[in-house]
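Enquirer: Data file final-v4.txt (compact mmCIF, C-alpha atoms) is appended below.
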```txt
# COMPACT_ATOMS: atom_id res chain seq x y z
CA MET S 1 134.53 154.76 97.87
CA ARG S 2 132.11 154.59 100.80
CA SER S 3 133.48 157.89 102.10
CA PRO S 4 131.76 161.10 100.90
CA LEU S 5 134.89 162.43 99.18
CA GLY S 6 135.51 159.09 97.49
CA THR S 7 131.95 159.00 96.21
CA LEU S 8 132.10 162.61 95.02
CA THR S 9 135.44 162.05 93.28
CA THR S 10 134.05 159.10 91.34
CA LEU S 11 130.87 160.94 90.37
CA TYR S 12 132.69 164.07 89.17
CA VAL S 13 135.25 162.02 87.21
CA THR S 14 132.59 159.94 85.47
CA GLN S 15 130.45 163.01 84.80
CA TYR S 16 133.22 164.55 82.71
CA LEU S 17 134.29 161.43 80.81
CA GLY S 18 131.77 162.03 78.04
CA ILE S 19 132.18 165.80 78.20
CA GLY S 20 135.93 165.45 77.66
CA PHE S 21 135.33 163.04 74.80
CA ILE S 22 132.83 165.37 73.09
CA THR S 23 134.79 168.62 73.50
CA VAL S 24 138.28 167.27 72.77
CA GLY S 25 138.16 163.74 71.38
CA LEU S 26 135.08 163.76 69.17
CA THR S 27 136.00 167.19 67.80
CA ALA S 28 139.42 165.85 66.76
CA ILE S 29 137.91 162.67 65.30
CA LEU S 30 135.36 164.63 63.25
CA ARG S 31 137.98 167.08 61.98
CA ASP S 32 140.26 164.18 61.08
CA GLY S 33 137.31 162.73 59.13
CA GLY S 34 136.90 165.93 57.11
CA THR S 35 134.14 167.74 59.03
CA SER S 36 134.20 171.49 58.34
CA LEU S 37 135.00 174.05 61.02
CA ASP S 38 131.54 175.59 60.57
CA THR S 39 129.92 172.26 61.45
CA LEU S 40 132.24 171.75 64.41
CA ALA S 41 131.27 175.20 65.66
CA LEU S 42 127.60 174.23 65.58
CA LEU S 43 128.38 171.06 67.55
CA GLN S 44 129.73 173.20 70.39
CA PHE S 45 126.30 174.76 70.88
CA VAL S 46 125.11 171.63 72.70
CA GLY S 47 127.29 172.89 75.57
CA LEU S 48 124.85 175.77 76.12
CA ILE S 49 122.68 173.33 78.09
CA TRP S 50 125.09 173.49 81.04
CA PRO S 51 124.82 177.23 81.84
CA ILE S 52 121.01 177.12 82.01
CA LYS S 53 120.72 174.07 84.26
CA PHE S 54 119.76 176.34 87.18
CA LEU S 55 116.33 176.61 85.54
CA TRP S 56 115.39 173.06 86.51
CA ALA S 57 117.62 172.69 89.59
CA PRO S 58 114.75 173.45 92.05
CA LEU S 59 112.85 170.46 90.66
CA LEU S 60 115.63 168.15 91.85
CA ASP S 61 115.50 169.80 95.28
CA ARG S 62 111.73 169.37 95.45
CA PHE S 63 111.26 165.80 94.22
CA GLY S 64 113.15 162.68 95.26
CA SER S 65 112.75 159.32 96.97
CA ARG S 66 112.91 159.17 100.77
CA ARG S 67 113.52 155.40 100.63
CA LEU S 68 116.46 155.50 98.19
CA GLY S 69 117.81 158.87 99.33
CA HIS S 70 116.65 162.20 97.91
CA TYR S 71 119.57 162.98 95.57
CA ARG S 72 120.77 159.39 95.37
CA SER S 73 117.50 158.46 93.66
CA TRP S 74 118.21 161.09 90.98
CA LEU S 75 121.82 159.96 90.63
CA LEU S 76 120.85 156.33 90.06
CA VAL S 77 118.65 157.37 87.12
CA LEU S 78 120.99 160.01 85.70
CA GLN S 79 124.20 157.99 86.01
CA GLY S 80 122.47 155.08 84.30
CA GLY S 81 121.28 157.47 81.60
CA LEU S 82 124.86 158.62 80.98
CA VAL S 83 125.95 155.02 80.40
CA LEU S 84 123.05 154.36 78.01
CA ALA S 85 123.71 157.60 76.07
CA LEU S 86 127.32 156.56 75.51
CA LEU S 87 126.30 153.06 74.45
CA ALA S 88 123.90 154.67 71.95
CA LEU S 89 127.00 155.93 70.07
CA LEU S 90 128.14 152.38 69.28
CA PRO S 91 126.22 151.98 65.96
CA TYR S 92 127.94 155.05 64.44
CA PRO S 93 131.60 154.08 63.82
CA ARG S 94 132.00 156.78 61.14
CA PRO S 95 130.84 159.87 63.05
CA ALA S 96 131.88 162.36 60.35
CA GLY S 97 129.32 160.80 58.00
CA GLN S 98 126.59 160.33 60.63
CA LEU S 99 126.42 163.74 62.25
CA GLY S 100 122.66 163.90 62.78
CA PRO S 101 122.33 161.06 65.32
CA ILE S 102 125.75 161.85 66.81
CA VAL S 103 124.72 165.43 67.64
CA ALA S 104 121.35 164.29 69.02
CA ILE S 105 123.00 161.72 71.31
CA CYS S 106 125.62 164.26 72.42
CA ALA S 107 122.88 166.77 73.27
CA ALA S 108 121.07 164.12 75.34
CA TYR S 109 124.31 163.24 77.11
CA VAL S 110 125.05 166.90 77.93
CA LEU S 111 121.51 167.35 79.31
CA LEU S 112 121.92 164.28 81.52
CA SER S 113 125.39 165.31 82.71
CA ALA S 114 124.24 168.85 83.51
CA THR S 115 121.33 167.49 85.55
CA GLN S 116 123.61 164.95 87.22
CA ASP S 117 125.89 167.84 88.21
CA ILE S 118 122.98 169.53 90.00
CA ALA S 119 122.37 166.40 92.06
CA VAL S 120 126.07 165.82 92.82
CA ASP S 121 126.59 169.43 93.94
CA ALA S 122 123.54 169.27 96.21
CA PHE S 123 124.71 165.91 97.52
CA ALA S 124 128.14 167.41 98.27
CA VAL S 125 126.60 170.28 100.24
CA ARG S 126 124.58 167.76 102.27
CA VAL S 127 127.39 165.35 103.19
CA LEU S 128 130.37 167.72 103.60
CA SER S 129 130.86 169.99 106.59
CA GLU S 130 131.31 173.69 105.89
CA ARG S 131 135.04 173.45 106.59
CA ALA S 132 135.41 170.47 104.23
CA ARG S 133 133.71 172.19 101.30
CA GLY S 134 136.92 173.91 100.16
CA VAL S 135 138.59 170.51 99.83
CA GLY S 136 135.41 169.17 98.24
CA ASN S 137 135.47 171.95 95.65
CA GLY S 138 139.13 171.20 94.92
CA VAL S 139 138.22 167.54 94.46
CA GLN S 140 135.35 168.58 92.18
CA VAL S 141 137.56 170.56 89.80
CA ALA S 142 140.46 168.08 89.94
CA ALA S 143 138.09 165.19 89.22
CA SER S 144 136.62 167.07 86.25
CA TYR S 145 140.11 167.32 84.75
CA VAL S 146 140.76 163.64 85.40
CA GLY S 147 137.50 162.94 83.57
CA ASN S 148 138.73 165.09 80.70
CA LEU S 149 142.06 163.24 80.80
CA LEU S 150 140.33 159.88 80.42
CA GLY S 151 137.56 160.95 78.05
CA GLY S 152 139.46 163.40 75.89
CA GLY S 153 142.86 161.72 76.20
CA ALA S 154 142.86 157.99 76.88
CA CYS S 155 139.73 157.26 74.84
CA VAL S 156 141.16 159.15 71.85
CA VAL S 157 144.33 157.05 72.07
CA VAL S 158 142.20 153.89 72.21
CA TYR S 159 140.20 155.10 69.20
CA ASP S 160 143.34 155.80 67.20
CA ARG S 161 144.79 152.36 67.98
CA TYR S 162 141.77 150.08 68.15
CA GLY S 163 138.77 151.91 66.68
CA TRP S 164 135.40 153.39 67.60
CA VAL S 165 133.72 150.50 69.43
CA PRO S 166 136.54 149.84 71.98
CA ALA S 167 136.78 153.58 72.70
CA ILE S 168 133.03 153.93 73.34
CA LEU S 169 132.93 150.73 75.42
CA LEU S 170 135.78 152.11 77.54
CA LEU S 171 133.85 155.37 78.06
CA ALA S 172 130.66 153.55 79.01
CA GLY S 173 132.50 151.10 81.28
CA LEU S 174 134.29 153.84 83.20
CA THR S 175 131.03 155.80 83.55
CA ALA S 176 129.31 152.68 84.92
CA VAL S 177 131.77 152.72 87.85
CA GLY S 178 129.96 155.83 89.07
CA LEU S 179 126.64 153.96 88.96
CA LEU S 180 128.11 151.17 91.10
CA VAL S 181 129.45 153.67 93.64
CA VAL S 182 126.08 155.45 93.91
CA TRP S 183 124.34 152.11 94.38
CA ARG S 184 126.62 151.23 97.31
CA PHE S 185 126.51 154.63 99.02
CA ARG S 186 123.74 155.55 101.47
CA GLU S 187 122.59 159.17 101.64
CA PRO S 188 121.70 160.52 105.09
CA ALA S 189 117.97 160.99 105.61
CA ARG S 190 116.65 164.53 105.29
CA ALA S 191 115.51 165.99 108.59
CA ALA S 192 112.87 168.22 107.01
CA ARG S 193 110.52 167.89 104.07
CA PRO S 194 111.75 169.54 100.85
CA ALA S 195 110.45 173.03 100.17
CA GLY S 196 107.63 173.40 97.65
CA THR S 197 108.50 174.11 94.03
CA GLY S 198 107.33 177.74 94.21
CA GLN S 199 109.30 178.34 97.40
CA ALA S 200 112.38 176.74 95.84
CA TYR S 201 112.21 179.03 92.79
CA ARG S 202 111.70 182.10 94.98
CA ALA S 203 114.81 181.12 96.94
CA LEU S 204 116.71 180.71 93.67
CA TRP S 205 115.73 184.16 92.36
CA SER S 206 116.54 185.74 95.73
CA VAL S 207 120.19 184.83 95.17
CA PHE S 208 120.41 187.50 92.48
CA GLY S 209 119.59 190.14 95.08
CA GLN S 210 122.81 189.51 97.01
CA PRO S 211 125.51 192.22 96.66
CA GLY S 212 127.66 191.64 93.60
CA CYS S 213 125.84 188.48 92.54
CA ARG S 214 124.38 189.86 89.30
CA TRP S 215 127.81 191.17 88.22
CA TRP S 216 129.36 187.75 88.80
CA THR S 217 126.41 185.85 87.29
CA PHE S 218 125.95 187.87 84.13
CA GLY S 219 129.48 189.27 83.68
CA VAL S 220 132.42 187.41 85.17
CA VAL S 221 131.22 183.79 85.00
CA PRO S 222 129.95 183.93 81.37
CA LEU S 223 133.24 185.51 80.26
CA VAL S 224 135.28 182.82 82.03
CA TYR S 225 133.27 179.96 80.53
CA THR S 226 133.09 181.56 77.08
CA GLY S 227 136.87 181.88 77.03
CA ALA S 228 137.41 178.32 78.25
CA GLY S 229 134.84 176.93 75.80
CA ALA S 230 136.39 178.84 72.90
CA ALA S 231 139.84 177.49 73.76
CA TYR S 232 138.64 173.89 73.96
CA ALA S 233 136.74 174.25 70.69
CA LEU S 234 139.81 175.56 68.84
CA VAL S 235 142.63 173.35 70.10
CA SER S 236 141.68 169.94 68.70
CA PRO S 237 140.85 170.99 65.11
CA ALA S 238 143.90 173.29 65.03
CA LEU S 239 146.18 170.40 66.00
CA VAL S 240 144.56 168.09 63.44
CA ASP S 241 145.10 170.73 60.75
CA ALA S 242 148.72 171.04 61.91
CA GLY S 243 149.22 167.35 61.08
CA TRP S 244 149.15 165.88 64.59
CA SER S 245 147.96 162.28 64.95
CA LEU S 246 144.88 161.62 67.09
CA GLU S 247 147.02 159.66 69.55
CA ARG S 248 149.40 162.59 70.00
CA ILE S 249 146.48 164.97 70.50
CA GLY S 250 145.00 162.67 73.13
CA VAL S 251 148.29 162.33 75.02
CA VAL S 252 149.14 166.05 75.02
CA THR S 253 145.72 167.66 75.52
CA GLY S 254 144.51 164.95 77.87
CA GLY S 255 147.59 163.90 79.79
CA VAL S 256 150.39 166.46 79.76
CA THR S 257 148.21 169.49 80.48
CA THR S 258 146.06 167.81 83.13
CA GLY S 259 148.61 166.74 85.76
CA ALA S 260 149.64 170.26 86.78
CA VAL S 261 146.02 171.42 86.95
CA VAL S 262 144.98 168.55 89.22
CA VAL S 263 147.80 169.32 91.69
CA LEU S 264 147.00 173.03 91.71
CA VAL S 265 143.26 172.76 92.25
CA LEU S 266 143.67 170.23 95.07
CA ALA S 267 146.11 172.61 96.76
CA ASP S 268 143.71 175.52 96.21
CA GLY S 269 140.86 173.58 97.80
CA GLU S 270 142.97 172.92 100.91
CA LEU S 271 144.01 176.58 101.08
CA VAL S 272 140.40 177.77 100.87
CA GLY S 273 139.64 175.66 103.94
CA ARG S 274 142.62 177.10 105.82
CA LEU S 275 142.69 180.73 104.64
CA GLY S 276 139.15 181.43 103.39
CA ARG S 277 137.89 182.31 99.91
CA GLY S 278 139.07 185.93 99.96
```
In structure tokens, how does this file's structure come out?
Expert:
Amino acid sequence: MRSPLGTLTTLYVTQYLGIGFITVGLTAILRDGGTSLDTLALLQFVGLIWPIKFLWAPLLDRFGSRRLGHYRSWLLVLQGGLVLALLALLPYPRPAGQLGPIVAICAAYVLLSATQDIAVDAFAVRVLSERARGVGNGVQVAASYVGNLLGGGACVVVYDRYGWVPAILLLAGLTAVGLLVVWRFREPARAARPAGTGQAYRALWSVFGQPGCRWWTFGVVPLVYTGAGAAYALVSPALVDAGWSLERIGVVTGGVTTGAVVVLVLADGELVGRLGRG
């Protein structure tokens, strides 16, 4: 785990543990407890935090500790925050009847995970060579699906067999592994001082001036994520309504569908490095 790819793998996996649990596992648990589809639809709106994280990304580029490592200092705080947010779910073993605090905690978790993703992506760009970034991107996507496998699959199985508290403790314990890895890893020192906040935001907005960028940013990418989000939001409650047990949902949506995806995205990452993005 001292290698850059090992560190990145752990961070991306642990980042998606809670996301997988919220989008797949918690949705199934709430539906199984009688929560209406209208209410489940509202719960999905906490995911809107992720697409707008670019708004505060320059702040992470501007501020950071030189002693602890610029992005490592953010990751220590954010990874610890993810663990605490998951532990905050422990007092609510009947989530269908305690939606208010559950939604608030989930929103806090999504905010922390989105911000953590900013720091991990920037960290990846810093520690990986340009040629290795294709593999790194493959690792990123594969690790996100492994996180979904554990959070939306294994933890749902644990919940169905042993209950709420063991499932949440498993989530928090696995997420804490990322905190340990960040603590042990040392980020290379930055050669230059970070750009000022105003300069960082001007650089961010200049991206939209690149050929084709606005079409991708405001057309293609939102459609892709809207479709994926809609699919994830529909699958779990549909399977509950079809009479599937929570354990079966966890095994199929978390395990069976993930293996092929992990193999494909790792292969794609290697091919990008060899053949190029086009």
Enquirer: Please indicate the distance in Å from atom CA of S:Gly147 to atom CA of S:Tyr16, rounded to one decimal place.
Expert: 4.7 Å
Enquirer: May I have the residues at most 10 Å from (142.5, 165.0, 90.4) in the file's coordinates, counting all atoms listed in the file, as a list in words?
Expert: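 The distance filter leaves exactly Thr9, Tyr12, Val13, Gly138, Val139, Gln140, Val141, Ala142, Ala143, Ser144, Tyr145, Val146, Gly147, Leu149, Thr258, Gly259, Ala260, Val261, Val262, Val263, Leu264, Val265 and Leu266 of chain S.
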Enquirer: Using Å and a single decimal, report how far atom CA of S:Leu179 sits from atom CA of S:Asp160.
Expert: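 Between atom CA of S:Asp160 and atom CA of S:Leu179 the gap works out to 27.5 Å.
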Enquirer: For the atom pair atom CA of S:Thr197 and atom CA of S:Leu60, what is the interatomic distance in Å to one decimal place?
Expert: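 Value for the atom CA of S:Thr197-atom CA of S:Leu60 distance: 9.5 Å.
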Enquirer: Would you please work out which residue, of S:Gly18, S:Gly33, S:Pro4, S:Gly47, is nearest to S:Phe123 when using only C-alpha atoms?
Expert: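 Of the candidates, the smallest distance to S:Phe123 is held by S:Pro4.
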Enquirer: Restricting the calculation to all atoms listed in the file, which member of S:Val207, S:Ala195, S:Leu48, S:Val272 is positioned closest to S:Gly136?
Expert: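 The shortest atom-to-atom distance to S:Gly136 comes from S:Val272.
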Enquirer: Identify which of the residues S:Ala122, S:Arg66, S:Thr10, S:Ala200 lies closest to S:Gln79, counting all atoms listed in the file when measuring atom-to-atom distances.
Expert: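 Looking at the shortest contact to S:Gln79, the residue is S:Thr10.
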Enquirer: What would the list of residues within 10 Å of (141.8, 172.0, 65.5) (file frame) look like as a count of residues only, if all atoms listed in the file are what count?
Expert: 21
Enquirer: Rank nothing, just name the residue among S:Gly278, S:Pro222, S:Pro101, S:Gly273 nearest to S:Glu130, using only C-alpha atoms.
Expert: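 Going through S:Gly278, S:Pro222, S:Pro101, S:Gly273 one by one, the smallest distance to S:Glu130 is for S:Gly273.
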Enquirer: Draw an axis-aligned box over all listed atoms of stretch 46-56 of chain S, pad each side with 3 Å, and write its centre and edge lengths in Å, one decimal, as JSON.
Expert:
```
{"center_x": 121.3, "center_y": 174.4, "center_z": 79.9, "size_x": 17.9, "size_y": 11.6, "size_z": 20.5}
```
Enquirer: Using all atoms listed in the file, which residue out of S:Trp215, S:Ala192, S:Gly250, S:Thr175 lies closest to S:Thr23?
Expert: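 Distance minimum relative to S:Thr23 lands on S:Gly250.
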Enquirer: Find, counting only C-alpha atoms, the residue in S:Phe185, S:Phe45, S:Phe21, S:Tyr109 that gets nearest to S:Gly69.
Expert: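 That would be S:Phe185, the residue with the smallest distance to S:Gly69.
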Enquirer: Just the residues within 12 Å of S:Trp50, please, counting all atoms listed in the file, with nothing from its chain fewer than 5 positions along; format it as a list in words.
Expert: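 So the residues in contact are Ile19, Gln44, Phe45, Leu55, Trp56, Ala57, Ala107, Ala108, Tyr109, Val110, Leu111, Leu112, Ser113, Ala114, Thr115, Gln116, Asp117, Ile118, Pro222, Tyr225 and Gly229 of chain S.
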Enquirer: Restore N, CA, C and O atoms in stretch 88-99 of chain S and list the result as a CSV table (one decimal), in the coordinates of the input.
Expert:
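Heads up, here's the output in part_12.csv:
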```csv
chain,number,residue,atom,x,y,z
S,88,ALA,N,124.7,154.3,73.2
S,88,ALA,CA,123.9,154.7,72.0
S,88,ALA,C,124.8,155.1,70.8
S,88,ALA,O,124.4,155.2,69.6
S,89,LEU,N,126.1,155.5,71.1
S,89,LEU,CA,127.0,155.9,70.1
S,89,LEU,C,127.6,154.7,69.3
S,89,LEU,O,128.2,154.9,68.3
S,90,LEU,N,127.5,153.5,69.9
S,90,LEU,CA,128.1,152.4,69.3
S,90,LEU,C,127.8,152.1,67.8
S,90,LEU,O,128.7,151.8,67.0
S,91,PRO,N,126.5,152.3,67.4
S,91,PRO,CA,126.2,152.0,66.0
S,91,PRO,C,126.8,153.0,64.9
S,91,PRO,O,126.5,152.8,63.7
S,92,TYR,N,127.5,154.0,65.4
S,92,TYR,CA,127.9,155.0,64.4
S,92,TYR,C,129.5,155.1,64.4
S,92,TYR,O,130.1,156.1,64.9
S,93,PRO,N,130.1,154.1,63.8
S,93,PRO,CA,131.6,154.1,63.8
S,93,PRO,C,132.2,155.1,62.9
S,93,PRO,O,133.5,155.3,63.0
S,94,ARG,N,131.5,155.7,62.0
S,94,ARG,CA,132.0,156.8,61.1
S,94,ARG,C,131.3,158.1,61.5
S,94,ARG,O,130.4,158.5,60.7
S,95,PRO,N,131.6,158.7,62.6
S,95,PRO,CA,130.8,159.9,63.0
S,95,PRO,C,130.8,161.0,62.1
S,95,PRO,O,129.8,161.8,62.0
S,96,ALA,N,131.9,161.2,61.3
S,96,ALA,CA,131.9,162.4,60.4
S,96,ALA,C,130.8,162.2,59.3
S,96,ALA,O,130.3,163.2,58.8
S,97,GLY,N,130.4,161.0,59.0
S,97,GLY,CA,129.3,160.8,58.0
S,97,GLY,C,128.0,160.6,58.6
S,97,GLY,O,127.0,160.3,57.9
S,98,GLN,N,127.9,160.6,59.9
S,98,GLN,CA,126.6,160.3,60.6
S,98,GLN,C,126.3,161.4,61.7
S,98,GLN,O,126.0,161.1,62.8
S,99,LEU,N,126.4,162.6,61.3
S,99,LEU,CA,126.4,163.7,62.2
S,99,LEU,C,125.1,163.9,62.9
S,99,LEU,O,125.0,164.3,64.1
```
